[in-house]
Amino acid sequence: MKTISLKVNPRRPSKRKIQTAAEIIRRGGLVAFPTETVYGLGANALDAGAVRKIFSAKGRPLDNPVIVHIAKKEELEKLARRIPKKAKILAERFWPGPLTLVLKKSRAVPKAATAGLDTVAIRMPRNRIALELISASGVPIAAPSANISGRPSPTSAKHVMQDLNGKIDAVIDGGAVDIGLESTVLDMTVRMPTILRPGGVALEELQNVIGRVVLYRKKGKEKPRSPGMKYRHYAPRAELILVGDSAKIPEIAGTLRGKKIGILATKETAMRYTGAVEVVGSRKNLREVARNLFSALRKLDESGVDVIISESFEEKGIGLAIMNRLRKAASRVV
Ligand code: AMP
Ligand code: MG
């Protein structure tokens with residue numbers, strides 16, 4: 001299959017190119033497109049056959065459900081049932097935006113999208129291209145991140161092509177993303193709203209609006225409630241070592257003789273290191289770190305390092321999501 005690239009201006013997306021992409025979605029094809037979080041790989045969420053193509057293109061485990069994207073808040077009622085009051089309040093406050101709500105699914109949603117679960121994850125993104133694509137398609141769009149499963153998520157059309165060229169019908173190139181990490185996934189089907197995956201909306205922001213919100217922790221042998229959480233994720237090809245106290249990094253690097261080492265550092269600390277150093281941003285601006293994180297991991301991979309040593313970040317605000325991704329990508333945490 002030849003993957004076509006549709007380059008569009010993110011502020012004034014060409015109607016014709018959006019229509020071309022929407023037509024592919026309606027025909028049951030796959031289109032990668034930018035959202036404010038990361039690039040998504042979209043298919044008609046109401047067409048089980050189209051949704052199954054997402055799983056094969058990405059090599060995604062079949063038990064990992066996908067997020068269904070809508071362009072208008074009212075569409076929520078068609079896809080979910082028994083929507084709690086607090087979920088409506090959150091949608092009002094954070095949509096369009098990087099918050100995904102897990103709710104009881106309606107019959108309109110095929111089991112292929114929910115991996116057999118009776119719940120569905122729904123989000124209204126705020127990227128203009130994403131919204132126009134969903135509207136022009138006339139159907140909700142199922143879209144996980146547009147990468148090969150397990151790899152760092154794509155934050156540019158170039159990343160999408162690195163992973164999926166030849167496996168999908170089209171990619172809309174709308175430039176760089178804004179947030180750089182995925183949405184916050186919040187389970188609203190339980191008494192205590194539970195974050196299954198930290199992301200673009202911070203825990204503290206949710207608490208400010210609906211009161212108590214908890215972070216999911218798997219208990220003992222229990223099946224993880226968010227199936228995606230059991231897999232290694234976001235991982236570069238190189239081995240990733242996540243280091244709590246960055247003062248120890250030069251010493252740890254010294255023990256890895258014979259290996260080519262890359263370091264994921266910040267503006268404040270970069271001068272301490274030598275060799276392949278990738279600066280993700282300033283410690284004073286974790287939004288910048290989030291935006292650059294996945295592309296920094298891909299760049300270090302491209303530079304051919306065997307091991308990436310990464311600094312850690314304070315788990316406040318978006319820092320919680322940054323550390324969640326780094327832990328899942330790491331083969332070792334010291
Ligand atoms: P991705 O679309 O690749 O960013 O991943 C979507 C995330 O949402 C994964 O961690 C999924 O396991 C999670 N998810 C999607 N649908 C559900 C659901 N119905 N219940 C719980 N988690 C879900
Ligand atoms: Mg993903």
# chains A, B, ... in the order shown; residues from 1 in each chain; ligands from 1
>>> select_by_dssp(residues="stretch 173-311 of chain A", states="strand (DSSP E)", output="list in words")
Asp173, Thr184, Val185, Leu186, Asp187, Thr194, Ile195, Leu196, Arg197, Val214, Leu215, Glu239, Leu240, Ile241, Leu242, Ile261, Gly262, Ile263, Leu264, Ala265, Ala276, Val277, Glu278, Val279, Val307, Ile308, Ile309 and Ser310 of chain A
>>> residues_around(residues="A:Phe294", least_positions_apart="2", cutoff="8 Å", atoms="only C-alpha atoms", output="JSON, numbers by chain")
{"A": [152, 153, 154, 155, 180, 181, 234, 290, 291, 292, 296, 297, 298]}
>>> write_last_selection(atoms="N, CA and C atoms", output="CSV table (one decimal), in the first residue's frame")
chain,number,residue,atom,x,y,z
A,152,PRO,N,8.1,4.7,21.0
A,152,PRO,CA,7.7,6.1,21.5
A,152,PRO,C,6.6,6.6,20.6
A,153,SER,N,5.6,7.3,21.2
A,153,SER,CA,4.5,7.8,20.5
A,153,SER,C,4.9,8.9,19.5
A,154,PRO,N,4.2,9.1,18.4
A,154,PRO,CA,4.6,10.0,17.3
A,154,PRO,C,4.2,11.4,17.6
A,155,THR,N,5.1,12.4,17.6
A,155,THR,CA,4.7,13.8,17.8
A,155,THR,C,4.9,14.6,16.5
A,180,GLY,N,2.3,16.7,23.5
A,180,GLY,CA,3.4,15.8,23.3
A,180,GLY,C,3.3,14.5,24.1
A,181,LEU,N,2.3,14.4,25.0
A,181,LEU,CA,2.1,13.2,25.7
A,181,LEU,C,0.6,12.9,25.5
A,234,TYR,N,6.2,2.9,24.8
A,234,TYR,CA,6.9,4.2,24.6
A,234,TYR,C,8.4,4.0,24.5
A,290,ALA,N,7.6,17.7,28.3
A,290,ALA,CA,6.6,16.8,27.8
A,290,ALA,C,6.5,16.8,26.3
A,291,ARG,N,6.5,18.0,25.8
A,291,ARG,CA,6.4,18.2,24.3
A,291,ARG,C,7.6,17.6,23.6
A,292,ASN,N,8.8,17.6,24.2
A,292,ASN,CA,9.9,17.1,23.5
A,292,ASN,C,10.3,15.7,23.8
A,296,ALA,N,12.8,13.3,21.6
A,296,ALA,CA,14.2,13.1,22.1
A,296,ALA,C,14.5,11.6,22.2
A,297,LEU,N,13.6,10.8,22.6
A,297,LEU,CA,13.9,9.3,22.6
A,297,LEU,C,14.2,8.8,21.2
A,298,ARG,N,13.4,9.3,20.2
A,298,ARG,CA,13.6,8.8,18.9
A,298,ARG,C,14.9,9.3,18.3
>>> residues_near_ligand(ligand="ligand 2", cutoff="10 Å", atoms="only C-alpha atoms and all ligand atoms", output="PDB file with N, CA, C and O atoms, in the first residue's frame")
ATOM      1  N   VAL A  38      -0.753  13.597  20.750  1.00  0.00           N
ATOM      2  CA  VAL A  38       0.220  12.987  19.839  1.00  0.00           C
ATOM      3  C   VAL A  38      -0.521  12.720  18.519  1.00  0.00           C
ATOM      4  O   VAL A  38      -1.721  12.967  18.435  1.00  0.00           O
ATOM      5  N   TYR A  39       0.153  12.210  17.496  1.00  0.00           N
ATOM      6  CA  TYR A  39      -0.551  11.827  16.266  1.00  0.00           C
ATOM      7  C   TYR A  39      -1.339  10.543  16.525  1.00  0.00           C
ATOM      8  O   TYR A  39      -0.846   9.624  17.183  1.00  0.00           O
ATOM      9  N   GLY A  40      -2.579  10.506  16.004  1.00  0.00           N
ATOM     10  CA  GLY A  40      -3.422   9.328  16.177  1.00  0.00           C
ATOM     11  C   GLY A  40      -3.554   8.563  14.872  1.00  0.00           C
ATOM     12  O   GLY A  40      -3.377   9.138  13.794  1.00  0.00           O
ATOM     13  N   LEU A  41      -3.868   7.256  14.982  1.00  0.00           N
ATOM     14  CA  LEU A  41      -4.129   6.454  13.787  1.00  0.00           C
ATOM     15  C   LEU A  41      -5.622   6.163  13.755  1.00  0.00           C
ATOM     16  O   LEU A  41      -6.126   5.364  14.550  1.00  0.00           O
ATOM     17  N   LYS A  58      -0.584  -1.454  13.599  1.00  0.00           N
ATOM     18  CA  LYS A  58       0.283  -1.098  14.730  1.00  0.00           C
ATOM     19  C   LYS A  58       0.953  -2.289  15.389  1.00  0.00           C
ATOM     20  O   LYS A  58       1.895  -2.129  16.163  1.00  0.00           O
ATOM     21  N   ARG A  60      -0.796  -3.965  17.514  1.00  0.00           N
ATOM     22  CA  ARG A  60      -1.310  -3.713  18.863  1.00  0.00           C
ATOM     23  C   ARG A  60      -1.970  -4.972  19.413  1.00  0.00           C
ATOM     24  O   ARG A  60      -2.758  -5.613  18.705  1.00  0.00           O
ATOM     25  N   ASN A  64      -6.131  -4.599  23.955  1.00  0.00           N
ATOM     26  CA  ASN A  64      -5.898  -3.213  24.380  1.00  0.00           C
ATOM     27  C   ASN A  64      -6.848  -2.270  23.638  1.00  0.00           C
ATOM     28  O   ASN A  64      -6.628  -1.929  22.479  1.00  0.00           O
ATOM     29  N   VAL A  66      -9.175   0.948  22.231  1.00  0.00           N
ATOM     30  CA  VAL A  66      -8.743   2.237  21.680  1.00  0.00           C
ATOM     31  C   VAL A  66      -9.679   3.353  22.139  1.00  0.00           C
ATOM     32  O   VAL A  66     -10.783   3.092  22.616  1.00  0.00           O
ATOM     33  N   ILE A  67      -9.215   4.589  21.998  1.00  0.00           N
ATOM     34  CA  ILE A  67     -10.033   5.741  22.382  1.00  0.00           C
ATOM     35  C   ILE A  67     -10.874   6.176  21.184  1.00  0.00           C
ATOM     36  O   ILE A  67     -10.376   6.236  20.054  1.00  0.00           O
ATOM     37  N   ALA A 143      -8.955   6.045  17.526  1.00  0.00           N
ATOM     38  CA  ALA A 143      -7.569   6.381  17.208  1.00  0.00           C
ATOM     39  C   ALA A 143      -6.639   6.208  18.400  1.00  0.00           C
ATOM     40  O   ALA A 143      -6.651   7.012  19.325  1.00  0.00           O
ATOM     41  N   PRO A 144      -5.822   5.164  18.370  1.00  0.00           N
ATOM     42  CA  PRO A 144      -4.702   5.105  19.312  1.00  0.00           C
ATOM     43  C   PRO A 144      -3.544   5.886  18.716  1.00  0.00           C
ATOM     44  O   PRO A 144      -3.671   6.451  17.625  1.00  0.00           O
ATOM     45  N   SER A 145      -2.431   5.951  19.421  1.00  0.00           N
ATOM     46  CA  SER A 145      -1.277   6.662  18.875  1.00  0.00           C
ATOM     47  C   SER A 145      -0.795   5.985  17.586  1.00  0.00           C
ATOM     48  O   SER A 145      -0.857   4.765  17.461  1.00  0.00           O
ATOM     49  N   ALA A 146      -0.313   6.804  16.634  1.00  0.00           N
ATOM     50  CA  ALA A 146       0.034   6.298  15.303  1.00  0.00           C
ATOM     51  C   ALA A 146       1.490   5.828  15.234  1.00  0.00           C
ATOM     52  O   ALA A 146       2.279   6.295  14.413  1.00  0.00           O
ATOM     53  N   ASN A 147       1.827   4.894  16.120  1.00  0.00           N
ATOM     54  CA  ASN A 147       3.172   4.317  16.129  1.00  0.00           C
ATOM     55  C   ASN A 147       3.051   2.796  16.101  1.00  0.00           C
ATOM     56  O   ASN A 147       1.967   2.267  16.299  1.00  0.00           O
ATOM     57  N   ILE A 148       4.173   2.119  15.852  1.00  0.00           N
ATOM     58  CA  ILE A 148       4.195   0.666  16.052  1.00  0.00           C
ATOM     59  C   ILE A 148       4.075   0.453  17.559  1.00  0.00           C
ATOM     60  O   ILE A 148       4.720   1.147  18.347  1.00  0.00           O
ATOM     61  N   SER A 149       3.232  -0.484  17.954  1.00  0.00           N
ATOM     62  CA  SER A 149       2.982  -0.736  19.370  1.00  0.00           C
ATOM     63  C   SER A 149       4.289  -0.901  20.140  1.00  0.00           C
ATOM     64  O   SER A 149       5.187  -1.603  19.690  1.00  0.00           O
ATOM     65  N   GLY A 150       4.382  -0.200  21.281  1.00  0.00           N
ATOM     66  CA  GLY A 150       5.574  -0.330  22.108  1.00  0.00           C
ATOM     67  C   GLY A 150       6.615   0.744  21.881  1.00  0.00           C
ATOM     68  O   GLY A 150       7.436   1.018  22.743  1.00  0.00           O
ATOM     69  N   ARG A 151       6.615   1.376  20.715  1.00  0.00           N
ATOM     70  CA  ARG A 151       7.601   2.421  20.381  1.00  0.00           C
ATOM     71  C   ARG A 151       7.191   3.780  20.972  1.00  0.00           C
ATOM     72  O   ARG A 151       6.035   3.963  21.339  1.00  0.00           O
ATOM     73  N   PRO A 152       8.123   4.749  21.034  1.00  0.00           N
ATOM     74  CA  PRO A 152       7.721   6.076  21.503  1.00  0.00           C
ATOM     75  C   PRO A 152       6.595   6.623  20.622  1.00  0.00           C
ATOM     76  O   PRO A 152       6.614   6.447  19.401  1.00  0.00           O
ATOM     77  N   SER A 153       5.629   7.286  21.223  1.00  0.00           N
ATOM     78  CA  SER A 153       4.490   7.802  20.462  1.00  0.00           C
ATOM     79  C   SER A 153       4.947   8.886  19.485  1.00  0.00           C
ATOM     80  O   SER A 153       5.933   9.565  19.725  1.00  0.00           O
ATOM     81  N   PRO A 154       4.231   9.051  18.357  1.00  0.00           N
ATOM     82  CA  PRO A 154       4.639   9.998  17.323  1.00  0.00           C
ATOM     83  C   PRO A 154       4.154  11.411  17.620  1.00  0.00           C
ATOM     84  O   PRO A 154       2.979  11.626  17.899  1.00  0.00           O
ATOM     85  N   LEU A 181       2.347  14.405  24.983  1.00  0.00           N
ATOM     86  CA  LEU A 181       2.053  13.161  25.697  1.00  0.00           C
ATOM     87  C   LEU A 181       0.559  12.886  25.520  1.00  0.00           C
ATOM     88  O   LEU A 181      -0.213  13.797  25.288  1.00  0.00           O
ATOM     89  N   GLU A 182       0.158  11.632  25.715  1.00  0.00           N
ATOM     90  CA  GLU A 182      -1.237  11.256  25.505  1.00  0.00           C
ATOM     91  C   GLU A 182      -2.176  11.868  26.549  1.00  0.00           C
ATOM     92  O   GLU A 182      -1.742  12.400  27.566  1.00  0.00           O
ATOM     93  N   GLY A 228      -4.072  -1.667  28.514  1.00  0.00           N
ATOM     94  CA  GLY A 228      -2.844  -1.166  27.904  1.00  0.00           C
ATOM     95  C   GLY A 228      -1.701  -1.047  28.891  1.00  0.00           C
ATOM     96  O   GLY A 228      -0.535  -1.003  28.515  1.00  0.00           O
ATOM     97  N   HIS A 233       6.034   0.013  26.962  1.00  0.00           N
ATOM     98  CA  HIS A 233       5.441   1.024  26.120  1.00  0.00           C
ATOM     99  C   HIS A 233       6.433   2.122  25.828  1.00  0.00           C
ATOM    100  O   HIS A 233       7.379   2.298  26.576  1.00  0.00           O
ATOM    101  N   TYR A 234       6.167   2.909  24.836  1.00  0.00           N
ATOM    102  CA  TYR A 234       6.885   4.164  24.593  1.00  0.00           C
ATOM    103  C   TYR A 234       8.400   3.963  24.497  1.00  0.00           C
ATOM    104  O   TYR A 234       9.162   4.903  24.681  1.00  0.00           O
TER     105      TYR A 234
END
>>> atom_distance(atom1="atom CA of A:Pro34", atom2="atom CA of A:Gln19")
15.6 Å
>>> residues_around(residues="A:Trp95", least_positions_apart="6", cutoff="10 Å", atoms="only C-alpha atoms", output="VMD selection string")
chain A and resid 71 to 73 89 123 to 126
>>> write_last_selection(atoms="N, CA, C and O atoms", output="tab-separated table (two decimals), in the first residue's frame")
chain	number	residue	atom	x	y	z
A	71	ALA	N	-16.34	15.01	17.73
A	71	ALA	CA	-16.11	16.42	17.40
A	71	ALA	C	-17.11	17.34	18.09
A	71	ALA	O	-16.95	18.56	18.08
A	72	LYS	N	-18.18	16.74	18.67
A	72	LYS	CA	-19.17	17.55	19.40
A	72	LYS	C	-19.51	16.83	20.69
A	72	LYS	O	-19.65	15.61	20.71
A	73	LYS	N	-19.66	17.61	21.77
A	73	LYS	CA	-19.95	17.01	23.08
A	73	LYS	C	-21.21	16.15	23.04
A	73	LYS	O	-21.29	15.11	23.70
A	89	ILE	N	-19.81	17.09	33.97
A	89	ILE	CA	-19.12	18.31	34.43
A	89	ILE	C	-17.70	18.36	33.85
A	89	ILE	O	-17.25	19.39	33.36
A	123	ARG	N	-13.10	10.75	23.89
A	123	ARG	CA	-12.45	12.06	24.05
A	123	ARG	C	-12.83	12.98	22.90
A	123	ARG	O	-13.00	12.53	21.78
A	124	MET	N	-12.93	14.25	23.21
A	124	MET	CA	-13.07	15.27	22.17
A	124	MET	C	-11.77	16.06	22.12
A	124	MET	O	-11.45	16.80	23.05
A	125	PRO	N	-10.96	15.87	21.06
A	125	PRO	CA	-9.66	16.55	20.99
A	125	PRO	C	-9.85	18.03	20.66
A	125	PRO	O	-10.91	18.44	20.20
A	126	ARG	N	-8.79	18.84	20.87
A	126	ARG	CA	-8.99	20.26	20.56
A	126	ARG	C	-8.19	20.71	19.33
A	126	ARG	O	-8.27	21.86	18.94
>>> closest_residue(among="A:Leu76, A:Ala235, A:Ala270, A:Leu90", to="A:Arg327", atoms="only C-alpha atoms")
A:Ala235
>>> closest_residue(among="A:Lys53, A:Arg272, A:Arg325, A:Lys2", to="ligand 1", atoms="only C-alpha atoms and all ligand atoms")
A:Arg325
>>> closest_residue(among="A:Lys223, A:Lys85, A:Arg128, A:Lys78", to="ligand 1", atoms="only C-alpha atoms and all ligand atoms")
A:Lys223
>>> select_by_dssp(residues="stretch 21-128 of chain A", states="alpha helix (DSSP H)", output="ChimeraX atom specification")
/A:21-26,48-58,76-79,85-94,111-114,128
>>> write_last_selection(atoms="N, CA, C and O atoms", output="short mmCIF file (atom, residue, chain, number, x, y, z; two decimals), in the first residue's frame")
data_model
loop_
_atom_site.label_atom_id
_atom_site.label_comp_id
_atom_site.auth_asym_id
_atom_site.auth_seq_id
_atom_site.Cartn_x
_atom_site.Cartn_y
_atom_site.Cartn_z
N ALA A 21 -9.19 12.86 3.18
CA ALA A 21 -8.94 12.00 4.33
C ALA A 21 -10.24 11.42 4.88
O ALA A 21 -10.32 10.23 5.22
N ALA A 22 -11.28 12.27 4.94
CA ALA A 22 -12.58 11.82 5.47
C ALA A 22 -13.16 10.71 4.60
O ALA A 22 -13.76 9.75 5.11
N GLU A 23 -12.97 10.83 3.29
CA GLU A 23 -13.46 9.81 2.36
C GLU A 23 -12.79 8.46 2.64
O GLU A 23 -13.43 7.41 2.62
N ILE A 24 -11.49 8.49 2.94
CA ILE A 24 -10.77 7.25 3.28
C ILE A 24 -11.36 6.64 4.55
O ILE A 24 -11.59 5.43 4.62
N ILE A 25 -11.62 7.49 5.56
CA ILE A 25 -12.23 6.99 6.81
C ILE A 25 -13.59 6.35 6.50
O ILE A 25 -13.87 5.23 6.96
N ARG A 26 -14.41 7.03 5.71
CA ARG A 26 -15.76 6.49 5.41
C ARG A 26 -15.69 5.17 4.66
O ARG A 26 -16.53 4.30 4.84
N ALA A 48 -16.40 -2.28 12.67
CA ALA A 48 -15.49 -3.22 13.35
C ALA A 48 -14.31 -3.63 12.45
O ALA A 48 -13.18 -3.73 12.91
N GLY A 49 -14.58 -3.80 11.16
CA GLY A 49 -13.52 -4.21 10.23
C GLY A 49 -12.43 -3.15 10.13
O GLY A 49 -11.24 -3.45 10.12
N ALA A 50 -12.87 -1.88 10.07
CA ALA A 50 -11.91 -0.78 9.97
C ALA A 50 -11.08 -0.69 11.25
O ALA A 50 -9.86 -0.48 11.21
N VAL A 51 -11.74 -0.86 12.40
CA VAL A 51 -11.03 -0.78 13.68
C VAL A 51 -9.99 -1.91 13.78
O VAL A 51 -8.87 -1.69 14.25
N ARG A 52 -10.35 -3.10 13.29
CA ARG A 52 -9.38 -4.21 13.34
C ARG A 52 -8.12 -3.92 12.54
O ARG A 52 -7.03 -4.38 12.88
N LYS A 53 -8.28 -3.12 11.46
CA LYS A 53 -7.08 -2.76 10.66
C LYS A 53 -6.09 -1.94 11.49
O LYS A 53 -4.89 -2.01 11.26
N ILE A 54 -6.59 -1.13 12.43
CA ILE A 54 -5.69 -0.34 13.29
C ILE A 54 -4.77 -1.30 14.05
O ILE A 54 -3.56 -1.09 14.13
N PHE A 55 -5.39 -2.34 14.62
CA PHE A 55 -4.60 -3.27 15.44
C PHE A 55 -3.53 -3.97 14.61
O PHE A 55 -2.41 -4.15 15.06
N SER A 56 -3.88 -4.35 13.35
CA SER A 56 -2.85 -5.05 12.58
C SER A 56 -1.76 -4.10 12.09
O SER A 56 -0.59 -4.48 12.08
N ALA A 57 -2.12 -2.87 11.71
CA ALA A 57 -1.08 -1.92 11.26
C ALA A 57 -0.08 -1.61 12.38
O ALA A 57 1.12 -1.51 12.15
N LYS A 58 -0.58 -1.45 13.60
CA LYS A 58 0.28 -1.10 14.73
C LYS A 58 0.95 -2.29 15.39
O LYS A 58 1.90 -2.13 16.16
N LEU A 76 -21.40 12.26 22.71
CA LEU A 76 -21.14 11.42 23.87
C LEU A 76 -22.35 10.53 24.19
O LEU A 76 -22.21 9.34 24.46
N GLU A 77 -23.54 11.13 24.14
CA GLU A 77 -24.77 10.41 24.52
C GLU A 77 -25.05 9.21 23.61
O GLU A 77 -25.72 8.27 24.02
N LYS A 78 -24.55 9.27 22.37
CA LYS A 78 -24.81 8.15 21.45
C LYS A 78 -23.88 6.97 21.72
O LYS A 78 -24.18 5.84 21.38
N LEU A 79 -22.71 7.27 22.28
CA LEU A 79 -21.69 6.22 22.44
C LEU A 79 -21.67 5.62 23.84
O LEU A 79 -21.20 4.51 24.04
N LYS A 85 -23.10 12.37 36.55
CA LYS A 85 -23.09 13.84 36.60
C LYS A 85 -21.66 14.40 36.52
O LYS A 85 -21.38 15.33 35.76
N LYS A 86 -20.76 13.78 37.31
CA LYS A 86 -19.38 14.28 37.33
C LYS A 86 -18.70 14.16 35.97
O LYS A 86 -17.85 14.97 35.61
N ALA A 87 -19.06 13.14 35.20
CA ALA A 87 -18.47 12.97 33.86
C ALA A 87 -18.93 14.12 32.97
O ALA A 87 -18.15 14.67 32.18
N LYS A 88 -20.21 14.49 33.12
CA LYS A 88 -20.74 15.61 32.31
C LYS A 88 -20.04 16.92 32.69
O LYS A 88 -19.70 17.72 31.82
N ILE A 89 -19.81 17.09 33.97
CA ILE A 89 -19.12 18.31 34.43
C ILE A 89 -17.70 18.36 33.85
O ILE A 89 -17.25 19.39 33.36
N LEU A 90 -17.02 17.22 33.86
CA LEU A 90 -15.64 17.17 33.34
C LEU A 90 -15.61 17.44 31.84
O LEU A 90 -14.73 18.15 31.34
N ALA A 91 -16.57 16.86 31.11
CA ALA A 91 -16.62 17.08 29.66
C ALA A 91 -16.85 18.57 29.38
O ALA A 91 -16.23 19.17 28.50
N GLU A 92 -17.73 19.16 30.16
CA GLU A 92 -18.02 20.59 30.00
C GLU A 92 -16.76 21.43 30.23
O GLU A 92 -16.47 22.37 29.51
N ARG A 93 -15.98 21.04 31.25
CA ARG A 93 -14.82 21.83 31.65
C ARG A 93 -13.58 21.57 30.78
O ARG A 93 -12.84 22.47 30.45
N PHE A 94 -13.34 20.30 30.41
CA PHE A 94 -12.05 19.97 29.77
C PHE A 94 -12.13 19.63 28.28
O PHE A 94 -11.10 19.37 27.67
N LYS A 111 -17.53 -4.10 19.66
CA LYS A 111 -16.59 -4.69 20.63
C LYS A 111 -15.13 -4.60 20.17
O LYS A 111 -14.21 -4.60 20.98
N ALA A 112 -14.94 -4.50 18.86
CA ALA A 112 -13.57 -4.39 18.33
C ALA A 112 -12.86 -3.16 18.90
O ALA A 112 -11.66 -3.17 19.16
N ALA A 113 -13.63 -2.08 19.13
CA ALA A 113 -13.04 -0.83 19.63
C ALA A 113 -12.74 -0.90 21.11
O ALA A 113 -11.86 -0.20 21.62
N THR A 114 -13.49 -1.74 21.84
CA THR A 114 -13.34 -1.77 23.30
C THR A 114 -12.64 -3.05 23.75
O THR A 114 -12.61 -3.34 24.95
N ARG A 128 -7.49 21.50 15.66
CA ARG A 128 -8.46 21.88 14.63
C ARG A 128 -8.55 20.85 13.50
O ARG A 128 -9.64 20.55 12.99
#
>>> residues_around(residues="A:Arg12", least_positions_apart="6", cutoff="12 Å", atoms="only C-alpha atoms", output="list in words")
Ile18, Asn127, Arg128, Ile129, Glu132 and Gly174 of chain A
>>> atom_distance(atom1="atom CA of A:Ala176", atom2="atom CA of A:Ala157")
8.0 Å
>>> closest_residue(among="A:Ile172, A:Leu30, A:Met323, A:Met188", to="ligand 1", atoms="only C-alpha atoms and all ligand atoms")
A:Met188
>>> residues_around(residues="A:Gly200", least_positions_apart="6", cutoff="8 Å", atoms="only C-alpha atoms", output="list in words")
Thr37, Pro98, Leu99, Ile179, Leu181, Glu182, Ser183, Thr184, Ile318 and Ala321 of chain A
>>> decode(residues="stretch 106-118 of chain A", atoms="N, CA, C and O atoms", output="PDB file, in the first residue's frame")
ATOM      1  N   SER A 106     -22.480   2.172  24.741  1.00  0.00           N
ATOM      2  CA  SER A 106     -23.804   1.932  24.154  1.00  0.00           C
ATOM      3  C   SER A 106     -23.645   0.848  23.093  1.00  0.00           C
ATOM      4  O   SER A 106     -22.530   0.456  22.753  1.00  0.00           O
ATOM      5  N   ARG A 107     -24.802   0.412  22.539  1.00  0.00           N
ATOM      6  CA  ARG A 107     -24.726  -0.654  21.533  1.00  0.00           C
ATOM      7  C   ARG A 107     -24.113  -0.192  20.220  1.00  0.00           C
ATOM      8  O   ARG A 107     -23.699  -1.010  19.400  1.00  0.00           O
ATOM      9  N   ALA A 108     -24.034   1.128  20.018  1.00  0.00           N
ATOM     10  CA  ALA A 108     -23.476   1.648  18.764  1.00  0.00           C
ATOM     11  C   ALA A 108     -21.987   1.322  18.626  1.00  0.00           C
ATOM     12  O   ALA A 108     -21.456   1.251  17.522  1.00  0.00           O
ATOM     13  N   VAL A 109     -21.306   1.121  19.766  1.00  0.00           N
ATOM     14  CA  VAL A 109     -19.853   0.925  19.733  1.00  0.00           C
ATOM     15  C   VAL A 109     -19.520  -0.555  19.563  1.00  0.00           C
ATOM     16  O   VAL A 109     -19.919  -1.375  20.383  1.00  0.00           O
ATOM     17  N   PRO A 110     -18.810  -0.917  18.497  1.00  0.00           N
ATOM     18  CA  PRO A 110     -18.486  -2.336  18.310  1.00  0.00           C
ATOM     19  C   PRO A 110     -17.443  -2.817  19.324  1.00  0.00           C
ATOM     20  O   PRO A 110     -16.605  -2.038  19.773  1.00  0.00           O
ATOM     21  N   LYS A 111     -17.528  -4.104  19.664  1.00  0.00           N
ATOM     22  CA  LYS A 111     -16.589  -4.686  20.635  1.00  0.00           C
ATOM     23  C   LYS A 111     -15.132  -4.602  20.166  1.00  0.00           C
ATOM     24  O   LYS A 111     -14.212  -4.604  20.980  1.00  0.00           O
ATOM     25  N   ALA A 112     -14.936  -4.498  18.857  1.00  0.00           N
ATOM     26  CA  ALA A 112     -13.565  -4.394  18.331  1.00  0.00           C
ATOM     27  C   ALA A 112     -12.863  -3.157  18.900  1.00  0.00           C
ATOM     28  O   ALA A 112     -11.661  -3.175  19.160  1.00  0.00           O
ATOM     29  N   ALA A 113     -13.635  -2.079  19.132  1.00  0.00           N
ATOM     30  CA  ALA A 113     -13.036  -0.833  19.626  1.00  0.00           C
ATOM     31  C   ALA A 113     -12.740  -0.902  21.115  1.00  0.00           C
ATOM     32  O   ALA A 113     -11.860  -0.202  21.618  1.00  0.00           O
ATOM     33  N   THR A 114     -13.492  -1.742  21.844  1.00  0.00           N
ATOM     34  CA  THR A 114     -13.342  -1.775  23.299  1.00  0.00           C
ATOM     35  C   THR A 114     -12.645  -3.049  23.748  1.00  0.00           C
ATOM     36  O   THR A 114     -12.606  -3.340  24.948  1.00  0.00           O
ATOM     37  N   ALA A 115     -12.122  -3.813  22.799  1.00  0.00           N
ATOM     38  CA  ALA A 115     -11.433  -5.072  23.096  1.00  0.00           C
ATOM     39  C   ALA A 115     -12.327  -5.983  23.946  1.00  0.00           C
ATOM     40  O   ALA A 115     -11.868  -6.638  24.876  1.00  0.00           O
ATOM     41  N   GLY A 116     -13.625  -5.970  23.625  1.00  0.00           N
ATOM     42  CA  GLY A 116     -14.548  -6.874  24.303  1.00  0.00           C
ATOM     43  C   GLY A 116     -15.102  -6.341  25.614  1.00  0.00           C
ATOM     44  O   GLY A 116     -16.007  -6.935  26.188  1.00  0.00           O
ATOM     45  N   LEU A 117     -14.591  -5.212  26.098  1.00  0.00           N
ATOM     46  CA  LEU A 117     -15.083  -4.662  27.370  1.00  0.00           C
ATOM     47  C   LEU A 117     -16.471  -4.046  27.163  1.00  0.00           C
ATOM     48  O   LEU A 117     -16.842  -3.706  26.041  1.00  0.00           O
ATOM     49  N   ASP A 118     -17.231  -3.866  28.265  1.00  0.00           N
ATOM     50  CA  ASP A 118     -18.524  -3.193  28.120  1.00  0.00           C
ATOM     51  C   ASP A 118     -18.418  -1.700  28.438  1.00  0.00           C
ATOM     52  O   ASP A 118     -19.403  -1.017  28.634  1.00  0.00           O
TER      53      ASP A 118
END
